[in-house]
Structures are given as C-alpha cells and as structure tokens.
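A short worksheet on the structure shown next.
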Amino acid sequence: MPLNIVRQADGFPRILLTHPSGSSAEVLLYGSQVVSWKNERREELLFMSSKQLPKATRGGISVCFPQLGNLGSLEQHGFARNRMWSVDSDPSPLPPANNQSSVNLVSKSTDEDLKIWPHSFELRLHIMLGPGKLTLIPRVRNTDNKAFSFMFALRNYLSVSDISEVRVEGLETLDYFDNLSKRDRFTEQADAITFDGKFERVYLSTPRKIAVIDHEKKRTFELWKDGMPDAVVWNPWDKKAKALPDLGDEDYQSMLCVDSAAIETRVVLKPFEEWKGRQEISAVSSSYCSGQLDPREVLYGFH
C-alpha cells in the first residue's frame with residue numbers, strides 16, 4: 001500500500017496513516033514526529049501547542065536521542081528531533097502489521113552529527129496505527145567500529161481536559177529524580193500522581209504499564225512500554241508556560257507529558273549491535289482505572 005505523503009502550509013512533508021475504523025495519525029518527516037493521532041470519533045488524542053515557531057513543533061510524540069533534556073553536552077533532547085528523516089526502503093524484519101497502517105522511517109548519522117557526537121549510527125522508527133492504539137518501535141544500530149552509549153525517550157504530549165483533574169497510576173512507591181529539586185532522589189509516597197503545580201520527575205525502573213486517567217473526558221490512556229525502563233512525567237504549569245516561546249500561556253492546562261525513556265542507565269551498544277524499544281498507547285473509555293493494573297500483565301507483557 002503506497003504511503004500518503006502530503007505537504008501542508010508549514011512546508012514540511014507529512015505522512016498520513018488511516019485505519020478502516022476511522023482513526024488516523026500524521027507523522028512529520030522532520031524529526032519523525034507524530035503530530036496527530038485521532039480516534040474513530042475523530043477526537044484528537046495528542047496535544048499540540050497553540051503557539052508554534054517556524055521549525056520547532058511542541059507537542060505530539062517526539063524522538064529524543066542521544067540525550068534527554070540537558071543531561072549532556074548536546075542541544076536540548078538531542079539532535080534526532082531536529083533532522084529530516086527518510087522513508088526506510090530496507091527496514092529490518094518486524095512482526096506483521098496485522099491490519100494496521102504503518103510506516104518505517106530512518107535517520108543515519110551525517111557529517112554534521114559526527115562533529116558534535118562522534119559515533120556512527122542508524123536510528124529507525126516503525127509507527128503502526130491500529131484500532132484504538134498507536135505503536136512505536138524505535139531501533140538504534142551501532143554502525144561504528146567502537147562502542148557508544150546513549151539515552152533515549154519518546155516524549156508523549158497527551159491531550160487532557162484539565163490537568164487538575166488528571167491522575168497517573170502505576171508509579172506508586174517508585175524512586176524518582178526530581179528535576180525541580182536539583183535532581184535529588186526521592187520515593188513516591190502518593191497512591192496516585194495528581195497535579196497542582198509545576199511537575200518534572202524521572203521515575204526509575206517503572207512497570208511496563210502506566211495509566212493516565214482523565215476524569216472529565218472519561219478517558220484513560222494506557223501506556224505500555226518495553227526496553228525503556230524509566231518514565232518522565234512533566235507539566236510546566238503557568239509561570240513556566242509563559243516563559244516558553246513555543247507554548248501558549250494557557251496550554252499547560254490541557255496537556256501532560258508521560259514519556260517512555262532510558263535515562264538512568266544508558267544503553268550501551270558494541271559495534272554493529274542493535275537496541276530495540278517498544279511503546280503502545282491506547283485510549284479507552286473509562287473514568288477510573290484503579291485495580292486494572294494487573295500485576296501479571298505488568299510483569300509478563302503486553303495484552
């Protein structure tokens with residue numbers, strides 16, 4: 001099935017994925033960024049900033065590689081999100097899509113990249129749109145003759161009704177680094193995470209399933225992940241939102257970032273080794289999710 005590639009007013013080519021159920025997704029070749037995911041009722045599930053700069057596009061799902069945030073010498077969240085990717089003409093064998101609309105994208109190290117990060121690599125992203133879910137499978141291959149290490153994250157901007165009415169379940173009792181407290185390490189004491197101010201934490205060794213419950217929309221996002229043991233939870237709140245040039249002053253109220261990540265322990269690849277992660281997000285009609293985090297599913301895999 002040929003890919004549907006279009007150009008919109010911003011000039012960036014984007015790939016349109018559609019599913020017979022009526023759901024859809026849009027993926028920019030710039031940064032391999034998912035900028036839209038709509039369910040079968042045409043409701044947008046991802047947040048996009050109301051205020052965009054010419055190049056930067058805050059929102060959707062973006063790829064952070066080979067560092068996250070400012071945890072290194074590179075630009076914020078690494079350079080992969082600020083490169084043009086290509087449709088992968090020779091993707092490695094992956095499980096069949098099974099009635100899912102999909103695309104394979106690739107970014108290979110350039111001379112520009114090697115000047116700032118001297119490691120040769122191939123970064124691939126397989127994106128699948130299925131009934132009620134969106135799956136991303138990132139892969140990094142070391143094409144160098146020496147080992148290297150990296151951080152990785154899929155930054156997920158979820159669209160919510162009101163951040164004050166949202167709770168996150170699945171991270172209870174876990175250790176986390178608090179970026180608002182000099183990255184000190186704490187242990188989560190709350191039964192569920194709720195929000196009443198700026199929030200920026202890296203939860204460590206998290207379960208494979210995290211639930212984001214939106215009471216007002218009666219919707220629960222279920223985030224399943226593999227190969228990315230950490231999770232970043234972030235909301236800038238009002239003062240920080242006003243300071244960010246690519247975020248509307250009130251946008252913080254309708255967004256929440258819950259990222260799949262490998263941060264605390266960097267991924268190490270020997271020459272010609274490959275790392276693979278997986279993330280699956282589904283949105284289900286539910287106003288409450290307590291008790292649905294089956295420990296057997298958390299331990300043994302995707303549903």
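Residue numbering restarts at 1 in every chain; chains get A, B, ... in the order shown in the structure tokens, and ligands count up from 1 in that same order.
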May I have a table of the residues of range 58-102 of chain A lying at most 10 Å from range 45-52 of chain A, giving each one's closest pair of atoms and their distance in Å to one decimal, counting only C-alpha atoms, ordered by chain and ascending residue number, as CSV?
residue,atom,partner,partner_atom,distance
A:Arg58,CA,A:Ser49,CA,5.7
A:Gly59,CA,A:Met48,CA,4.3
A:Gly60,CA,A:Leu46,CA,5.3
A:Ile61,CA,A:Leu46,CA,7.9
**Request:** Name all residues at most 12 Å from Lys217 in chain A (count only C-alpha atoms; drop same-chain ones fewer than 2 positions away) and give them as a VMD selection string.
**Result:** chain A and resid 43 45 159 to 163 165 to 166 212 to 215 219 to 221 254 283 to 288
**Item:** Which of range 132-301 of chain A DSSP labels helix (DSSP H, G or I), written as JSON, numbers by chain
**Value:** {"A": [163, 164, 165, 237, 238, 239, 240, 241, 242, 243, 251, 252, 253, 254, 295, 296, 297, 298, 299, 300]}
What would the file look like if the residues just selected were written as a compact mmCIF listing (two decimals), in the first residue's frame with N, CA, C and O atoms?
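The resulting file, result.txt, is shown below:
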# COMPACT_ATOMS: atom_id res chain seq x y z
N ILE A 163 -5.64 19.57 33.52
CA ILE A 163 -4.53 18.90 34.22
C ILE A 163 -4.85 18.71 35.71
O ILE A 163 -4.39 17.74 36.33
N SER A 164 -5.67 19.59 36.28
CA SER A 164 -6.01 19.46 37.70
C SER A 164 -6.92 18.27 37.98
O SER A 164 -7.09 17.88 39.14
N GLU A 165 -7.52 17.71 36.91
CA GLU A 165 -8.46 16.60 37.07
C GLU A 165 -7.85 15.26 36.61
O GLU A 165 -8.58 14.28 36.49
N TRP A 237 3.20 24.06 34.15
CA TRP A 237 2.31 24.95 34.90
C TRP A 237 2.40 26.38 34.36
O TRP A 237 2.99 26.62 33.31
N ASP A 238 1.78 27.33 35.04
CA ASP A 238 1.52 28.63 34.42
C ASP A 238 2.76 29.49 34.18
O ASP A 238 2.96 30.01 33.08
N LYS A 239 3.62 29.65 35.18
CA LYS A 239 4.76 30.56 35.02
C LYS A 239 5.73 30.06 33.97
O LYS A 239 6.21 30.83 33.12
N LYS A 240 6.05 28.78 34.00
CA LYS A 240 6.97 28.21 33.01
C LYS A 240 6.37 28.26 31.61
O LYS A 240 7.06 28.54 30.63
N ALA A 241 5.04 28.00 31.51
CA ALA A 241 4.38 28.05 30.20
C ALA A 241 4.53 29.43 29.57
O ALA A 241 4.78 29.56 28.37
N LYS A 242 4.40 30.46 30.38
CA LYS A 242 4.52 31.83 29.85
C LYS A 242 5.95 32.14 29.43
O LYS A 242 6.18 33.01 28.59
N ALA A 243 6.91 31.42 29.99
CA ALA A 243 8.32 31.66 29.66
C ALA A 243 8.77 30.88 28.43
O ALA A 243 9.83 31.19 27.86
N ASP A 251 -1.78 26.77 27.65
CA ASP A 251 -1.71 25.42 27.09
C ASP A 251 -1.43 24.34 28.14
O ASP A 251 -1.83 23.19 27.98
N TYR A 252 -0.74 24.73 29.21
CA TYR A 252 -0.38 23.73 30.22
C TYR A 252 -1.60 23.04 30.81
O TYR A 252 -1.51 21.90 31.30
N GLN A 253 -2.76 23.70 30.74
CA GLN A 253 -3.97 23.15 31.35
C GLN A 253 -4.49 21.92 30.61
O GLN A 253 -5.19 21.09 31.19
N SER A 254 -4.15 21.80 29.33
CA SER A 254 -4.73 20.73 28.51
C SER A 254 -3.69 19.73 28.02
O SER A 254 -3.90 19.06 27.02
N PRO A 295 -0.96 -7.09 38.08
CA PRO A 295 0.48 -7.28 38.25
C PRO A 295 1.06 -8.34 37.30
O PRO A 295 2.21 -8.26 36.91
N ARG A 296 0.23 -9.30 36.90
CA ARG A 296 0.75 -10.31 35.96
C ARG A 296 1.02 -9.68 34.60
O ARG A 296 2.01 -10.00 33.94
N GLU A 297 0.13 -8.77 34.17
CA GLU A 297 0.36 -8.08 32.90
C GLU A 297 1.58 -7.17 33.00
O GLU A 297 2.37 -7.06 32.06
N VAL A 298 1.73 -6.51 34.14
CA VAL A 298 2.87 -5.62 34.32
C VAL A 298 4.18 -6.42 34.19
O VAL A 298 5.14 -5.99 33.57
N LEU A 299 4.18 -7.62 34.77
CA LEU A 299 5.41 -8.42 34.79
C LEU A 299 5.67 -9.14 33.48
O LEU A 299 6.80 -9.25 33.02
N TYR A 300 4.58 -9.61 32.82
CA TYR A 300 4.80 -10.56 31.73
C TYR A 300 4.45 -10.06 30.35
O TYR A 300 4.58 -10.79 29.40
**Message:** Which residue is closest to Leu16 in chain A? Choose from A:Asp90, A:Asp191, A:Val35, A:Arg83 and count only C-alpha atoms.
**Reply:** A:Val35
Report as JSON lines: every residue of range 181-275 of chain A with an atom at most 10 Å from range 66-71 of chain A, its closest pair of atoms, and their distance in Å to one decimal, counting only C-alpha atoms, with rows sorted by chain and ascending residue number.
{"residue": "A:Ala261", "atom": "CA", "partner": "A:Leu68", "partner_atom": "CA", "distance": 8.6}
{"residue": "A:Ala262", "atom": "CA", "partner": "A:Leu68", "partner_atom": "CA", "distance": 9.0}
{"residue": "A:Ile263", "atom": "CA", "partner": "A:Leu68", "partner_atom": "CA", "distance": 7.4}
{"residue": "A:Arg266", "atom": "CA", "partner": "A:Gln67", "partner_atom": "CA", "distance": 9.3}
{"residue": "A:Val267", "atom": "CA", "partner": "A:Pro66", "partner_atom": "CA", "distance": 9.8}
**Request:** Using CA of Pro91 in chain A and CA of Arg139 in chain A as the two end points, give the distance in Å to one decimal.
**Result:**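 Spanning CA of Pro91 in chain A to CA of Arg139 in chain A is a straight-line distance of 10.5 Å.
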**Request:** With a distance cut-off of 7 Å and only C-alpha atoms, select the neighbouring residues of Leu134 in chain A, excluding the residue or stretch itself and same-chain residues fewer than 6 positions from it, and output the selection as a ChimeraX atom specification.
**Result:** /A:128,280-282
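Distances here use only C-alpha atoms; by that measure, the residue among A:Thr143, A:Thr206, A:Gln189, A:Gln279 closest to Asp226 in chain A is A:Gln279.
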**Message:** List as an NGL selection string the protein and nucleic acid residues near Ile193 in chain A, meaning an atom at most 7 Å away when only C-alpha atoms are counted, but skip any in the same chain fewer than 4 places from it.
**Reply:** :A and (167-169)
Write a file of the selected residues as a PDB file, in the first residue's frame, keeping N, CA, C and O atoms.
ATOM      1  N   ARG A 167      -5.071  12.028  36.876  1.00  0.00           N
ATOM      2  CA  ARG A 167      -4.229  11.266  37.792  1.00  0.00           C
ATOM      3  C   ARG A 167      -3.468  10.205  37.010  1.00  0.00           C
ATOM      4  O   ARG A 167      -3.949   9.684  35.999  1.00  0.00           O
ATOM      5  N   VAL A 168      -2.260   9.913  37.480  1.00  0.00           N
ATOM      6  CA  VAL A 168      -1.411   8.903  36.853  1.00  0.00           C
ATOM      7  C   VAL A 168      -1.235   7.754  37.834  1.00  0.00           C
ATOM      8  O   VAL A 168      -0.854   7.973  38.992  1.00  0.00           O
ATOM      9  N   GLU A 169      -1.499   6.551  37.369  1.00  0.00           N
ATOM     10  CA  GLU A 169      -1.370   5.367  38.209  1.00  0.00           C
ATOM     11  C   GLU A 169      -0.327   4.424  37.619  1.00  0.00           C
ATOM     12  O   GLU A 169      -0.149   4.360  36.402  1.00  0.00           O
TER      13      GLU A 169
END
**Prompt:** Looking only at the backbone, which of the residues in range 177-223 of chain A does DSSP tag as strand (DSSP E), as a list of chain:residue names?
**Reply:**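 The residues of range 177-223 of chain A classed as strand (DSSP E) are A:Phe177, A:Asp178, A:Asp184, A:Arg185, A:Phe186, A:Thr187, A:Ile193, A:Thr194, A:Phe199, A:Glu200, A:Arg201, A:Val202, A:Tyr203, A:Lys209, A:Ile210, A:Ala211, A:Val212, A:Ile213, A:Asp214, A:Arg219, A:Thr220, A:Phe221, A:Glu222, A:Leu223.
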**Message:** For a quick check of understanding, using only C-alpha atoms, which of A:Ser107, A:Ser89, A:Asn156, A:Ser205 has the smallest distance to Gly31 in chain A?
**Reply:**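 Comparing A:Ser107, A:Ser89, A:Asn156, A:Ser205 against Gly31 in chain A, the winner is A:Ser107.
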**Prompt:** Taking only C-alpha atoms into account, which of A:Trp275, A:Pro236, A:Val34, A:Trp117 comes nearest Gly248 in chain A?
**Reply:**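 Comparing A:Trp275, A:Pro236, A:Val34, A:Trp117 against Gly248 in chain A, the winner is A:Pro236.
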**Request:** Go through A:Val87, A:Ile5, A:Ile116, A:Val27 and flag the residue nearest Gly72 in chain A, using only C-alpha atoms for the distances.
**Result:** A:Ile116
**Request:** Tell me which protein, DNA and RNA residues are within 12 Å of Leu174 in chain A, counting only C-alpha atoms, leaving out same-chain ones fewer than 6 positions away, and put them as a PyMOL selection string.
**Result:** chain A and resi 185-193+201-207+229-231
Mind writing the picked residues with all heavy atoms as a short mmCIF file (atom, residue, chain, number, x, y, z; two decimals), in the first residue's frame?
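Result file out06.cif:
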data_model
loop_
_atom_site.label_atom_id
_atom_site.label_comp_id
_atom_site.auth_asym_id
_atom_site.auth_seq_id
_atom_site.Cartn_x
_atom_site.Cartn_y
_atom_site.Cartn_z
N ARG A 185 17.05 12.41 44.64
CA ARG A 185 16.30 11.16 44.51
C ARG A 185 15.32 11.02 45.68
O ARG A 185 15.69 11.21 46.84
CB ARG A 185 17.26 9.97 44.47
CG ARG A 185 16.59 8.63 44.16
CD ARG A 185 17.65 7.58 43.92
NE ARG A 185 17.09 6.29 43.56
CZ ARG A 185 17.57 5.50 42.63
NH1 ARG A 185 18.65 5.86 41.94
NH2 ARG A 185 17.02 4.33 42.36
N PHE A 186 14.07 10.71 45.36
CA PHE A 186 13.02 10.52 46.35
C PHE A 186 12.26 9.23 46.04
O PHE A 186 12.47 8.61 44.99
CB PHE A 186 12.03 11.69 46.35
CG PHE A 186 12.66 13.03 46.63
CD1 PHE A 186 13.07 13.86 45.59
CD2 PHE A 186 12.82 13.47 47.94
CE1 PHE A 186 13.65 15.10 45.85
CE2 PHE A 186 13.38 14.72 48.20
CZ PHE A 186 13.81 15.52 47.17
N THR A 187 11.36 8.85 46.94
CA THR A 187 10.47 7.73 46.71
C THR A 187 9.03 8.24 46.70
O THR A 187 8.63 8.99 47.59
CB THR A 187 10.63 6.65 47.81
OG1 THR A 187 11.97 6.18 47.80
CG2 THR A 187 9.69 5.48 47.55
N GLU A 188 8.28 7.85 45.68
CA GLU A 188 6.89 8.31 45.55
C GLU A 188 6.05 7.75 46.69
O GLU A 188 5.99 6.55 46.92
CB GLU A 188 6.31 7.86 44.20
CG GLU A 188 4.89 8.33 43.95
CD GLU A 188 4.77 9.84 43.99
OE1 GLU A 188 5.38 10.51 43.13
OE2 GLU A 188 4.07 10.34 44.91
N GLN A 189 5.36 8.65 47.41
CA GLN A 189 4.55 8.27 48.55
C GLN A 189 3.05 8.26 48.25
O GLN A 189 2.27 7.65 48.97
CB GLN A 189 4.81 9.23 49.72
CG GLN A 189 6.26 9.33 50.15
CD GLN A 189 6.79 8.03 50.74
OE1 GLN A 189 6.05 7.29 51.39
NE2 GLN A 189 8.07 7.73 50.51
N ALA A 190 2.64 8.94 47.18
CA ALA A 190 1.21 9.09 46.89
C ALA A 190 0.63 7.81 46.29
O ALA A 190 1.34 7.04 45.64
CB ALA A 190 0.99 10.26 45.94
N ASP A 191 -0.67 7.61 46.50
CA ASP A 191 -1.36 6.47 45.89
C ASP A 191 -1.46 6.63 44.38
O ASP A 191 -1.50 5.64 43.65
CB ASP A 191 -2.77 6.33 46.48
CG ASP A 191 -2.72 5.93 47.95
OD1 ASP A 191 -1.71 5.33 48.36
OD2 ASP A 191 -3.69 6.23 48.67
N ALA A 192 -1.55 7.86 43.93
CA ALA A 192 -1.56 8.17 42.50
C ALA A 192 -1.02 9.59 42.36
O ALA A 192 -1.10 10.39 43.29
CB ALA A 192 -2.96 8.07 41.92
N ILE A 193 -0.49 9.90 41.20
CA ILE A 193 0.08 11.22 40.96
C ILE A 193 -1.03 12.16 40.49
O ILE A 193 -1.74 11.86 39.53
CB ILE A 193 1.19 11.15 39.91
CG1 ILE A 193 2.34 10.26 40.40
CG2 ILE A 193 1.72 12.54 39.59
CD1 ILE A 193 3.34 9.92 39.33
N ARG A 201 9.52 15.03 36.89
CA ARG A 201 10.18 13.91 37.57
C ARG A 201 10.53 12.80 36.59
O ARG A 201 9.81 12.56 35.62
CB ARG A 201 9.27 13.34 38.66
CG ARG A 201 8.94 14.31 39.78
CD ARG A 201 8.01 13.68 40.80
NE ARG A 201 7.63 14.64 41.84
CZ ARG A 201 6.76 14.39 42.80
NH1 ARG A 201 6.16 13.20 42.85
NH2 ARG A 201 6.47 15.31 43.69
N VAL A 202 11.65 12.12 36.90
CA VAL A 202 12.06 10.94 36.16
C VAL A 202 11.87 9.73 37.08
O VAL A 202 12.62 9.55 38.04
CB VAL A 202 13.54 11.03 35.71
CG1 VAL A 202 13.94 9.76 34.95
CG2 VAL A 202 13.77 12.27 34.85
N TYR A 203 10.85 8.93 36.80
CA TYR A 203 10.60 7.73 37.60
C TYR A 203 11.45 6.58 37.08
O TYR A 203 11.60 6.41 35.86
CB TYR A 203 9.11 7.37 37.56
CG TYR A 203 8.27 8.31 38.38
CD1 TYR A 203 7.80 9.51 37.84
CD2 TYR A 203 7.96 8.03 39.71
CE1 TYR A 203 7.04 10.38 38.59
CE2 TYR A 203 7.21 8.90 40.47
CZ TYR A 203 6.75 10.08 39.91
OH TYR A 203 6.02 10.96 40.67
N LEU A 204 12.00 5.79 38.01
CA LEU A 204 13.02 4.81 37.67
C LEU A 204 12.48 3.39 37.78
O LEU A 204 11.68 3.09 38.66
CB LEU A 204 14.23 4.99 38.60
CG LEU A 204 14.76 6.42 38.71
CD1 LEU A 204 15.82 6.53 39.80
CD2 LEU A 204 15.31 6.89 37.37
N SER A 205 12.96 2.54 36.88
CA SER A 205 12.58 1.11 36.89
C SER A 205 11.07 0.96 37.01
O SER A 205 10.55 0.28 37.91
CB SER A 205 13.29 0.39 38.04
OG SER A 205 14.69 0.51 37.91
N THR A 206 10.36 1.55 36.09
CA THR A 206 8.90 1.58 36.14
C THR A 206 8.31 0.30 35.55
O THR A 206 8.97 -0.41 34.79
CB THR A 206 8.37 2.79 35.35
OG1 THR A 206 8.74 2.65 33.97
CG2 THR A 206 8.93 4.09 35.89
N PRO A 207 7.05 0.01 35.86
CA PRO A 207 6.39 -1.14 35.25
C PRO A 207 6.15 -0.89 33.77
O PRO A 207 6.30 0.22 33.27
CB PRO A 207 5.07 -1.24 36.02
CG PRO A 207 4.82 0.13 36.53
CD PRO A 207 6.18 0.70 36.83
N PRO A 229 13.03 1.57 30.52
CA PRO A 229 12.61 1.29 31.90
C PRO A 229 12.16 2.51 32.70
O PRO A 229 11.51 2.34 33.74
CB PRO A 229 13.86 0.67 32.53
CG PRO A 229 15.01 1.22 31.73
CD PRO A 229 14.49 1.35 30.33
N ASP A 230 12.50 3.71 32.26
CA ASP A 230 12.17 4.91 33.02
C ASP A 230 10.96 5.61 32.41
O ASP A 230 10.53 5.32 31.30
CB ASP A 230 13.37 5.85 33.07
CG ASP A 230 14.63 5.17 33.58
OD1 ASP A 230 14.51 4.38 34.53
OD2 ASP A 230 15.72 5.41 33.02
N ALA A 231 10.42 6.55 33.16
CA ALA A 231 9.27 7.34 32.68
C ALA A 231 9.42 8.77 33.19
O ALA A 231 9.67 8.99 34.36
CB ALA A 231 7.95 6.75 33.16
#
**Request:** Can you work out which one of A:Val232, A:Leu114, A:Leu3, A:Leu244 has the shortest atom-to-atom distance to Glu264 in chain A, counting only C-alpha atoms?
**Result:**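 Once distances to Glu264 in chain A are computed over only C-alpha atoms, the minimum belongs to A:Val232.
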**Prompt:** Between CA of Gly132 in chain A and CA of Arg278 in chain A, what is the distance, to one decimal in Å?
**Reply:** 16.7 Å
**Asked** Interatomic distance between CA of Thr173 in chain A and CA of Cys64 in chain A?
**Response**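 Taking CA of Thr173 in chain A and CA of Cys64 in chain A, their separation equals 26.6 Å.
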